[in-house]
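Q: The structure that follows is given in the form of structure tokens.
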Amino acid sequence: MPSIEDYNQCIKEAIYKYHKVEESALSLLYDLAEVKHFKKNETILHIGKTANDVYILYKGVVIAYFLDEGGNAYNKNIFLENNLVGSTVSNLTNSPSKFALEALEDCILLSFNYKKYRELIFSNAALKNFYISYLEKQWIIDKEKREIDIVMKDAAVRYEEFLAQHPGIDKKIPLNHIASHLGITSRQLSRIRKQQK
């Protein structure tokens, strides 16, 4: 069973990926965190519901997906341990989320009430610097790279890079989720995997 120190270390590592923050600022986040457990296939945020929380994933895998008019699911993101998880647009605009968050395996998430989280960030210079760095890296730099890769790189190369970035993920989650994340069909991914053997 994880301890409070384990959870705090997870928060620290998630924040440090973007910006180093002194312990006094981190302790404010530690105090705000609530531990939440979700079972495999449990929905964390439903499409059409307004997000009230932002999370750091301590254990497990979470997927963000949206549905087209025919009910077909398309992956927006795959969140792994130490990732920040949430519907940023829903939180920022206080509007219904266009996508769902679902646990792909039993998960432990560290939950932060978004309003309190935002107040904390904007009242603390160090946390504000973290937040700016997070938004720039996650939603500008990484997002642009993914968009360019989908158009410019061969699917097999994208798959290899994805596995290199997340070793063993193909054993943890269903391959249809990986295919959707890469912007290809499950059949295409199956062909790529056969060619790589």
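All residue names refer to the structure tokens as shown: chains lettered A, B, ... in order, residues numbered from 1 in each chain, ligands numbered from 1 in order.
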Per residue of region 151-189 of chain A within 12 Å of region 63-80 of chain A, which atom pair is closest and at what distance in Å (one decimal), using only C-alpha atoms, listed by chain and increasing number, as a tab-separated table?

A:
residue	atom	partner	partner_atom	distance
A:Phe162	CA	A:Ile78	CA	11.0
A:Gln165	CA	A:Leu80	CA	11.2
A:His166	CA	A:Leu80	CA	8.7
A:Pro167	CA	A:Leu80	CA	11.4
A:Gly168	CA	A:Leu80	CA	11.7
A:Ile169	CA	A:Leu80	CA	9.3
A:Lys172	CA	A:Leu80	CA	10.7
A:Ile173	CA	A:Ile63	CA	9.8
A:Pro174	CA	A:Ile63	CA	11.1
A:Leu175	CA	A:Asn75	CA	11.9
A:Asn176	CA	A:Asn75	CA	9.5
A:His177	CA	A:Asn75	CA	6.7
A:Ile178	CA	A:Ile78	CA	8.3
A:Ala179	CA	A:Asn75	CA	8.8
A:Ser180	CA	A:Asn75	CA	5.4
A:His181	CA	A:Asn75	CA	5.2
A:Leu182	CA	A:Asn75	CA	8.7
A:Gly183	CA	A:Asn75	CA	8.5
A:Ile184	CA	A:Tyr74	CA	10.3
A:Thr185	CA	A:Tyr74	CA	10.5
A:Ser186	CA	A:Tyr74	CA	11.9

Q: Output C-alpha atoms for every residue in the selection just made, as an mmCIF file, in the first residue's frame.

A:
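Dumped to again-v6.cif:
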data_model
loop_
_atom_site.group_PDB
_atom_site.id
_atom_site.type_symbol
_atom_site.label_atom_id
_atom_site.label_comp_id
_atom_site.auth_asym_id
_atom_site.auth_seq_id
_atom_site.Cartn_x
_atom_site.Cartn_y
_atom_site.Cartn_z
ATOM 1 C CA PHE A 162 6.022 5.281 -29.242
ATOM 2 C CA GLN A 165 9.187 6.317 -25.365
ATOM 3 C CA HIS A 166 6.894 3.960 -23.388
ATOM 4 C CA PRO A 167 8.612 0.550 -23.054
ATOM 5 C CA GLY A 168 6.206 -2.323 -22.454
ATOM 6 C CA ILE A 169 3.048 -0.308 -23.109
ATOM 7 C CA LYS A 172 -0.283 -3.152 -20.758
ATOM 8 C CA ILE A 173 -3.075 -1.799 -22.905
ATOM 9 C CA PRO A 174 -5.183 -3.073 -25.823
ATOM 10 C CA LEU A 175 -3.527 -2.508 -29.183
ATOM 11 C CA ASN A 176 -6.619 -0.798 -30.619
ATOM 12 C CA HIS A 177 -5.940 2.105 -28.229
ATOM 13 C CA ILE A 178 -2.349 2.377 -29.418
ATOM 14 C CA ALA A 179 -3.487 2.268 -33.061
ATOM 15 C CA SER A 180 -6.024 5.028 -32.469
ATOM 16 C CA HIS A 181 -3.410 7.117 -30.633
ATOM 17 C CA LEU A 182 -1.078 6.751 -33.624
ATOM 18 C CA GLY A 183 -3.835 7.702 -36.074
ATOM 19 C CA ILE A 184 -3.986 4.292 -37.782
ATOM 20 C CA THR A 185 -6.377 1.353 -37.834
ATOM 21 C CA SER A 186 -5.960 -1.783 -35.734
#

Q: Could you state the separation of CA of His19 (chain A) and CA of Ser87 (chain A) in Å, given to one decimal place?

A: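 Pair CA of His19 (chain A) / CA of Ser87 (chain A) returns 21.2 Å.
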
Q: May I have all residues of chain A that DSSP, computed from the backbone, assigns to alpha helix (DSSP H), given as an MDAnalysis selection string?

A: chainID A and resid 4:16 23:32 88:93 114:123 125:136 142:152 155:165 169:172 175:182 186:196

Q: Report as a ChimeraX atom specification: the residues of region 50-85 of chain A with a DSSP assignment of strand (DSSP E), based on the backbone of this structure.

A: /A:53-59,62-67,73-79,84-85

Q: Closest to Ala33 (chain A) among A:Glu144, A:Tyr117, A:Thr93, A:Ala100, using only C-alpha atoms?

A: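 Nearest to Ala33 (chain A): A:Tyr117.
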
Q: Work out how far CA of Ile150 (chain A) is from CA of Ala103 (chain A), in Å to one decimal.

A: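 Between these atoms lies a distance of 25.0 Å.
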
Q: Could you name the residues that touch Ser24 (chain A) at 12 Å or less, counting only C-alpha atoms, but leaving out those on the same chain fewer than 6 positions away, as a VMD selection string?

A: chain A and resid 12 30 to 31 124 to 127

Q: Find the residues around Asn82 (chain A) up to 12 Å (only C-alpha atoms counted), leave out those fewer than 6 positions away in its own chain, and share them as a ChimeraX atom specification.

A: /A:6-18,55-62,107-110

Q: Using only C-alpha atoms, which of A:Lys116, A:Val21, A:Gly48, A:Trp139 sits nearest Pro96 (chain A)?

A: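 Counting only C-alpha atoms, the residue closest to Pro96 (chain A) is A:Gly48.
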
Q: Between A:Leu101, A:Gln138, A:Lys128, A:Gln188, which is the closest to Thr43 (chain A) once you count only C-alpha atoms?

A: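 Closest residue, counting only C-alpha atoms: A:Leu101.
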
Q: So which one's closest to Thr50 (chain A), A:Val151, A:Leu135, A:Leu104, A:Leu92? Using only C-alpha atoms, please.

A: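 Of A:Val151, A:Leu135, A:Leu104, A:Leu92, the one nearest Thr50 (chain A) is A:Leu92, counting only C-alpha atoms.
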
Q: I want to know what sits within 10 Å of Ile121 (chain A), based on only C-alpha atoms, with residues of the same chain fewer than 6 positions away left out; could you give that as a list in words?

A: Ala25, Leu28, Leu29, Lys115, Leu127, Lys128, Asn129, Phe130, Tyr131 and Ile132 of chain A

Q: Please produce a file of the residues just selected, as a PDB file, in the first residue's frame, where the atoms kept are N, CA and C atoms.

A:
ATOM      1  N   ALA A  25       6.432  25.315  -1.809  1.00  0.00           N
ATOM      2  CA  ALA A  25       5.341  25.411  -2.794  1.00  0.00           C
ATOM      3  C   ALA A  25       4.739  24.039  -3.051  1.00  0.00           C
ATOM      4  N   LEU A  28       2.130  22.855  -0.561  1.00  0.00           N
ATOM      5  CA  LEU A  28       0.778  23.389  -0.762  1.00  0.00           C
ATOM      6  C   LEU A  28      -0.026  22.459  -1.663  1.00  0.00           C
ATOM      7  N   LEU A  29       0.644  21.907  -2.667  1.00  0.00           N
ATOM      8  CA  LEU A  29      -0.017  20.930  -3.542  1.00  0.00           C
ATOM      9  C   LEU A  29      -0.282  19.622  -2.802  1.00  0.00           C
ATOM     10  N   LYS A 115     -10.629  24.477  -9.065  1.00  0.00           N
ATOM     11  CA  LYS A 115     -10.702  25.882  -8.638  1.00  0.00           C
ATOM     12  C   LYS A 115      -9.640  26.183  -7.585  1.00  0.00           C
ATOM     13  N   LEU A 127       4.781  28.034  -8.556  1.00  0.00           N
ATOM     14  CA  LEU A 127       3.775  27.155  -9.172  1.00  0.00           C
ATOM     15  C   LEU A 127       3.257  27.757 -10.472  1.00  0.00           C
ATOM     16  N   LYS A 128       3.202  29.082 -10.540  1.00  0.00           N
ATOM     17  CA  LYS A 128       2.781  29.732 -11.784  1.00  0.00           C
ATOM     18  C   LYS A 128       3.802  29.446 -12.892  1.00  0.00           C
ATOM     19  N   ASN A 129       5.090  29.482 -12.552  1.00  0.00           N
ATOM     20  CA  ASN A 129       6.134  29.173 -13.535  1.00  0.00           C
ATOM     21  C   ASN A 129       6.042  27.722 -13.999  1.00  0.00           C
ATOM     22  N   PHE A 130       5.745  26.814 -13.067  1.00  0.00           N
ATOM     23  CA  PHE A 130       5.518  25.419 -13.451  1.00  0.00           C
ATOM     24  C   PHE A 130       4.364  25.334 -14.448  1.00  0.00           C
ATOM     25  N   TYR A 131       3.255  26.000 -14.140  1.00  0.00           N
ATOM     26  CA  TYR A 131       2.041  25.921 -14.951  1.00  0.00           C
ATOM     27  C   TYR A 131       2.291  26.436 -16.370  1.00  0.00           C
ATOM     28  N   ILE A 132       3.030  27.531 -16.481  1.00  0.00           N
ATOM     29  CA  ILE A 132       3.369  28.068 -17.803  1.00  0.00           C
ATOM     30  C   ILE A 132       4.219  27.061 -18.571  1.00  0.00           C
TER      31      ILE A 132
END

Q: Find the distance between CA of Lys98 (chain A) and CA of Lys49 (chain A) and write it in Å to one decimal.

A: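 Here the two named atoms are 8.4 Å from each other.
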
Q: Find the residue from A:Lys40, A:Leu32, A:Arg193, A:Glu102 that sits nearest to Leu163 (chain A); use only C-alpha atoms when measuring.

A: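 Closest to Leu163 (chain A), using only C-alpha atoms: A:Arg193.
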
Q: Which residue is closest to Ile47 (chain A)? Choose from A:Tyr159, A:Tyr134, A:Phe112, A:Phe99 and count only C-alpha atoms.

A: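 Among A:Tyr159, A:Tyr134, A:Phe112, A:Phe99, it is A:Phe99 that comes nearest to Ile47 (chain A).
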